[in-house]
Amino acid sequence: MNQITIIGALRRFQALAINPWMVLACVMLGAAIGWAAPGVAGPLALVGAVYVDLLTMVVLPFMMSAVIMGLQNLYREGGAARIVQRVVLVFSLLALGAALVATAATLLFHPGGGMSDDLRATLGQIVGGDIEHGNTPMYLLTPEPLPPGASGQDILRMLIPSNIFAALANGETLKALVFALLFGFAVGQVPTRLATGLQDALETVYSACQTLTRWINLPLPLILVCMTAGQVARTGVGPLAAMAGFVIGFLAVSVLVIVLALILVRHRAGGTIGGVVAALREPFALGVATNNSAACMPAMVAAMVERLGFARNRVELLVPLSVALLRTGPVAYFACGSLFIAALYGRALSPADLVLLVVLAALAGFASSGMAGLVTVSLMGAVCTGLSLPFEAAFVLFMAVDPICAMARTAVTVIVDCAAVSLVCARPVRL
């Protein structure tokens with residue numbers, strides 16, 4: 001078997017591994033294993049943890065090389081100010097749009113409304129109450145402490161790295177991004193004859209990270225089975241059954257936002273919606289598998305450039321920016337979760353409350369940059385506080401189902417970020 005045959009077989013296997021139906025089948029198989037044999041499935045979570053660590057290992061060098069190269073090329077070609085204006089406008093509109101769509105769709109699906117007493121009792125048991133008081137207001141239950149709110153000074157210090165090497169060692173993506181932006185702007189002012197060596201080195205790092213990512217993703221189906229099995233073995237299916245209304249509602253909202261984002265990409269890229277879906281299926285599958293949008297950056301760049309035809313120099317700059325700043329998955333999650341809590345407590349929201357919810361969810365989404373997992377979930381408390389909704393006691397409910405919701409949040413963020421890149425970039429030139 002010659003080298004060309006081997007490469008072709010690997011590409012066919014990779015295409016099968018990232019097929020959405022294959023991803024769904026692997027997730028369902030893993031859930032079945034975790035439910036039927038939790039003792040066997042528990043240790044399998046280690047496979048998923050190692051896989052995410054391997055992908056995360058590639059993220060920072062990939063992001064920094066892409067941003068610095070993108071800014072360097074941007075300065076060579078001119079038009080930096082215009083690009084920044086488009087980024088601010090597009091990111092703001094998409095964040096507000098995601099919050100608006102999620103709010104409207106959640107009101108339509110109405111998860112949390114019309115619960116039976118038995119279901120309220122089940123939820124009450126999960127948050128720590130007893131069966132007799134499960135259908136009473138949840139403020140009677142023990143609150144889950146939330147992280148204290150960050151001041152403006154804390155946020156500023158969180159963004160500015162005092163030591164870039166420490167930021168890289170600790171995996172602080174936002175600090176690394178700020179350094180890459182400042183360094184990229186500075187490199188753009190350096191004469192071309194002096195910056196050529198750095199450009200060549202960055203291109204080497206960038207290409208190596210893409211190759212390494214493809215290698216790591218080859219066993220994706222097996223990894224999906226192991227990750228899902230380990231998660232179900234750890235949490236069980238009880239919380240999922242009790243919170244089924246919210247989970248189903250949020251998944252439906254996520255599908256709606258993703259479909260709208262795909263329509264935007266098709267409008268900008270041309271072709272058919274099926275072609276866009278095929279082009280973006282790899283970053284989508286990685287988002288579902290890893291719950292880490294930063295780990296999807298190489299696949300997003302490859303999809304936008306090689307399959308959809310957008311300009312590489314723009315895409316390589318905009319993908320890291322959008323992943324770090326435009327987190328529409330959490331935006332939709334905050335809107336859906338806040339409305340679920342309102343329904344849980346029987347609180348009716350006025351039109352003014354709904355407008356405030358859209359704005360607060362969008363702002364909380366931007367504030368979630370650099371956060372992941374349950375830290376992201378805790379930011380919903382800021383949205384609920386603005387609407388005078390109790391969140392502390394219900395926090396544990398969202399903890400229980402977050403592994404599933406995190407998959408949807410990441411998938412939404414990845415696909416909408418691709419839509420944002422397509423809106424900022426010029427349309428592909430079709431020959």
# chains A, B, ... in the order shown; residues from 1 in each chain; ligands from 1
$ residues_around --residues "segment 188-197 of chain A" --least-positions-apart "6" --cutoff "7 Å" --atoms "only C-alpha atoms" --output "compact mmCIF listing (two decimals) with N, CA and C atoms, in the first residue's frame"
# COMPACT_ATOMS: atom_id res chain seq x y z
N LEU A 71 -2.37 40.03 11.87
CA LEU A 71 -2.17 41.47 12.03
C LEU A 71 -1.02 41.98 11.17
N GLN A 72 0.04 41.17 11.08
CA GLN A 72 1.17 41.57 10.25
C GLN A 72 0.74 41.71 8.79
N TYR A 75 -1.58 44.85 8.28
CA TYR A 75 -0.87 46.12 8.16
C TYR A 75 -0.19 46.26 6.80
$ atom_distance --atom1 "atom CA of Arg234 of chain A" --atom2 "atom CA of Val331 of chain A"
27.2 Å
$ closest_residue --among "A:Ala36, A:Ala348, A:Cys336, A:Val205" --to "Met380 of chain A" --atoms "only C-alpha atoms"
A:Cys336
$ residues_around --residues "Val27 of chain A" --least-positions-apart "2" --cutoff "7 Å" --atoms "only C-alpha atoms" --output "MDAnalysis selection string"
chainID A and resid 23:25 29:31 224:225 228
$ write_last_selection --atoms "N, CA, C and O atoms" --output "PDB file, in the first residue's frame"
ATOM      1  N   VAL A  23     -21.129  11.237  15.313  1.00  0.00           N
ATOM      2  CA  VAL A  23     -20.983  11.874  16.623  1.00  0.00           C
ATOM      3  C   VAL A  23     -22.168  11.535  17.518  1.00  0.00           C
ATOM      4  O   VAL A  23     -22.004  11.150  18.682  1.00  0.00           O
ATOM      5  N   LEU A  24     -23.391  11.661  16.970  1.00  0.00           N
ATOM      6  CA  LEU A  24     -24.589  11.365  17.756  1.00  0.00           C
ATOM      7  C   LEU A  24     -24.616   9.900  18.181  1.00  0.00           C
ATOM      8  O   LEU A  24     -24.946   9.582  19.330  1.00  0.00           O
ATOM      9  N   ALA A  25     -24.261   8.995  17.262  1.00  0.00           N
ATOM     10  CA  ALA A  25     -24.261   7.563  17.587  1.00  0.00           C
ATOM     11  C   ALA A  25     -23.261   7.249  18.697  1.00  0.00           C
ATOM     12  O   ALA A  25     -23.553   6.468  19.609  1.00  0.00           O
ATOM     13  N   LEU A  29     -24.121   5.742  22.335  1.00  0.00           N
ATOM     14  CA  LEU A  29     -23.489   4.497  22.772  1.00  0.00           C
ATOM     15  C   LEU A  29     -22.771   4.698  24.101  1.00  0.00           C
ATOM     16  O   LEU A  29     -22.862   3.864  25.010  1.00  0.00           O
ATOM     17  N   GLY A  30     -22.050   5.809  24.232  1.00  0.00           N
ATOM     18  CA  GLY A  30     -21.368   6.091  25.487  1.00  0.00           C
ATOM     19  C   GLY A  30     -22.334   6.253  26.639  1.00  0.00           C
ATOM     20  O   GLY A  30     -22.073   5.766  27.754  1.00  0.00           O
ATOM     21  N   ALA A  31     -23.474   6.931  26.407  1.00  0.00           N
ATOM     22  CA  ALA A  31     -24.473   7.100  27.458  1.00  0.00           C
ATOM     23  C   ALA A  31     -25.045   5.752  27.887  1.00  0.00           C
ATOM     24  O   ALA A  31     -25.263   5.510  29.086  1.00  0.00           O
ATOM     25  N   LEU A 224     -15.252   9.956  21.960  1.00  0.00           N
ATOM     26  CA  LEU A 224     -16.617  10.383  22.282  1.00  0.00           C
ATOM     27  C   LEU A 224     -17.338   9.357  23.155  1.00  0.00           C
ATOM     28  O   LEU A 224     -18.019   9.705  24.111  1.00  0.00           O
ATOM     29  N   VAL A 225     -17.183   8.081  22.808  1.00  0.00           N
ATOM     30  CA  VAL A 225     -17.811   7.016  23.592  1.00  0.00           C
ATOM     31  C   VAL A 225     -17.285   7.038  25.024  1.00  0.00           C
ATOM     32  O   VAL A 225     -18.047   6.980  26.004  1.00  0.00           O
ATOM     33  N   THR A 228     -18.522  10.286  27.053  1.00  0.00           N
ATOM     34  CA  THR A 228     -19.933  10.251  27.428  1.00  0.00           C
ATOM     35  C   THR A 228     -20.196   9.184  28.476  1.00  0.00           C
ATOM     36  O   THR A 228     -20.948   9.410  29.430  1.00  0.00           O
TER      37      THR A 228
END
$ atom_distance --atom1 "atom CA of Gly275 of chain A" --atom2 "atom CA of Leu262 of chain A"
10.2 Å
$ closest_residue --among "A:Met407, A:Phe246, A:Leu198, A:Val429" --to "Leu344 of chain A" --atoms "only C-alpha atoms"
A:Phe246
$ closest_residue --among "A:Gln210, A:Ser422, A:Ala408, A:Met57" --to "Gly270 of chain A" --atoms "only C-alpha atoms"
A:Ser422
$ closest_residue --among "A:Leu54, A:Thr213, A:Val259, A:Pro221" --to "Ala302 of chain A" --atoms "only C-alpha atoms"
A:Thr213
$ atom_distance --atom1 "atom CA of Pro283 of chain A" --atom2 "atom CA of Leu93 of chain A"
22.6 Å
$ residues_around --residues "segment 48-53 of chain A" --least-positions-apart "2" --cutoff "9 Å" --atoms "only C-alpha atoms" --output "list of chain:residue names"
A:Leu44, A:Ala45, A:Leu46, A:Leu55, A:Thr56, A:Met57, A:Val58, A:Ile216, A:Asn217, A:Leu220, A:Ile223, A:Leu224, A:Val225, A:Cys226, A:Met227, A:Thr228, A:Gly230, A:Ala289, A:Thr290, A:Asn291, A:Asn292, A:Ala295
$ residues_around --residues "Leu280 of chain A" --least-positions-apart "6" --cutoff "8 Å" --atoms "only C-alpha atoms" --output "JSON, numbers by chain"
{"A": [300, 303, 304, 415]}
$ write_last_selection --atoms "C-alpha atoms" --output "PDB file, in the first residue's frame"
ATOM      1  CA  MET A 300     -12.560  26.472  11.910  1.00  0.00           C
ATOM      2  CA  ALA A 303     -13.219  25.046   7.034  1.00  0.00           C
ATOM      3  CA  MET A 304     -13.502  28.769   6.320  1.00  0.00           C
ATOM      4  CA  ILE A 415     -20.833  27.867  14.310  1.00  0.00           C
TER       5      ILE A 415
END
$ select_by_dssp --residues "segment 295-341 of chain A" --states "alpha helix (DSSP H)" --output "number ranges by chain"
A: 297-302, 312-325, 328-341
$ decode --residues "segment 343-363 of chain A" --atoms "N, CA and C atoms" --output "short mmCIF file (atom, residue, chain, number, x, y, z; two decimals), in the first residue's frame"
data_model
loop_
_atom_site.label_atom_id
_atom_site.label_comp_id
_atom_site.auth_asym_id
_atom_site.auth_seq_id
_atom_site.Cartn_x
_atom_site.Cartn_y
_atom_site.Cartn_z
N ALA A 343 -39.88 30.65 35.25
CA ALA A 343 -41.02 29.74 35.20
C ALA A 343 -41.06 28.84 36.42
N LEU A 344 -39.87 28.44 36.89
CA LEU A 344 -39.79 27.55 38.06
C LEU A 344 -40.38 28.22 39.29
N TYR A 345 -40.15 29.51 39.43
CA TYR A 345 -40.67 30.24 40.58
C TYR A 345 -42.01 30.91 40.30
N GLY A 346 -42.58 30.71 39.11
CA GLY A 346 -43.85 31.31 38.79
C GLY A 346 -43.81 32.80 38.62
N ARG A 347 -42.66 33.33 38.18
CA ARG A 347 -42.49 34.76 38.01
C ARG A 347 -42.76 35.14 36.56
N ALA A 348 -43.72 36.03 36.33
CA ALA A 348 -44.02 36.52 34.99
C ALA A 348 -43.13 37.72 34.68
N LEU A 349 -42.50 37.72 33.52
CA LEU A 349 -41.60 38.80 33.11
C LEU A 349 -42.33 39.74 32.16
N SER A 350 -42.22 41.03 32.42
CA SER A 350 -42.85 42.04 31.58
C SER A 350 -42.02 42.25 30.31
N PRO A 351 -42.57 42.92 29.29
CA PRO A 351 -41.77 43.22 28.09
C PRO A 351 -40.48 43.97 28.42
N ALA A 352 -40.52 44.89 29.38
CA ALA A 352 -39.30 45.60 29.78
C ALA A 352 -38.29 44.63 30.38
N ASP A 353 -38.77 43.65 31.17
CA ASP A 353 -37.87 42.64 31.74
C ASP A 353 -37.21 41.82 30.63
N LEU A 354 -37.97 41.49 29.60
CA LEU A 354 -37.43 40.68 28.51
C LEU A 354 -36.37 41.45 27.73
N VAL A 355 -36.58 42.74 27.52
CA VAL A 355 -35.56 43.55 26.86
C VAL A 355 -34.30 43.60 27.71
N LEU A 356 -34.48 43.78 29.02
CA LEU A 356 -33.33 43.79 29.93
C LEU A 356 -32.62 42.44 29.91
N LEU A 357 -33.39 41.36 29.84
CA LEU A 357 -32.79 40.02 29.78
C LEU A 357 -31.90 39.87 28.55
N VAL A 358 -32.36 40.33 27.39
CA VAL A 358 -31.57 40.23 26.16
C VAL A 358 -30.24 40.97 26.33
N VAL A 359 -30.31 42.19 26.86
CA VAL A 359 -29.09 42.99 27.02
C VAL A 359 -28.15 42.35 28.04
N LEU A 360 -28.69 41.91 29.18
CA LEU A 360 -27.86 41.32 30.22
C LEU A 360 -27.22 40.01 29.75
N ALA A 361 -27.97 39.20 29.01
CA ALA A 361 -27.42 37.93 28.51
C ALA A 361 -26.27 38.19 27.54
N ALA A 362 -26.43 39.19 26.67
CA ALA A 362 -25.37 39.51 25.72
C ALA A 362 -24.12 40.00 26.46
N LEU A 363 -24.30 40.87 27.45
CA LEU A 363 -23.16 41.38 28.22
C LEU A 363 -22.49 40.26 29.01
#
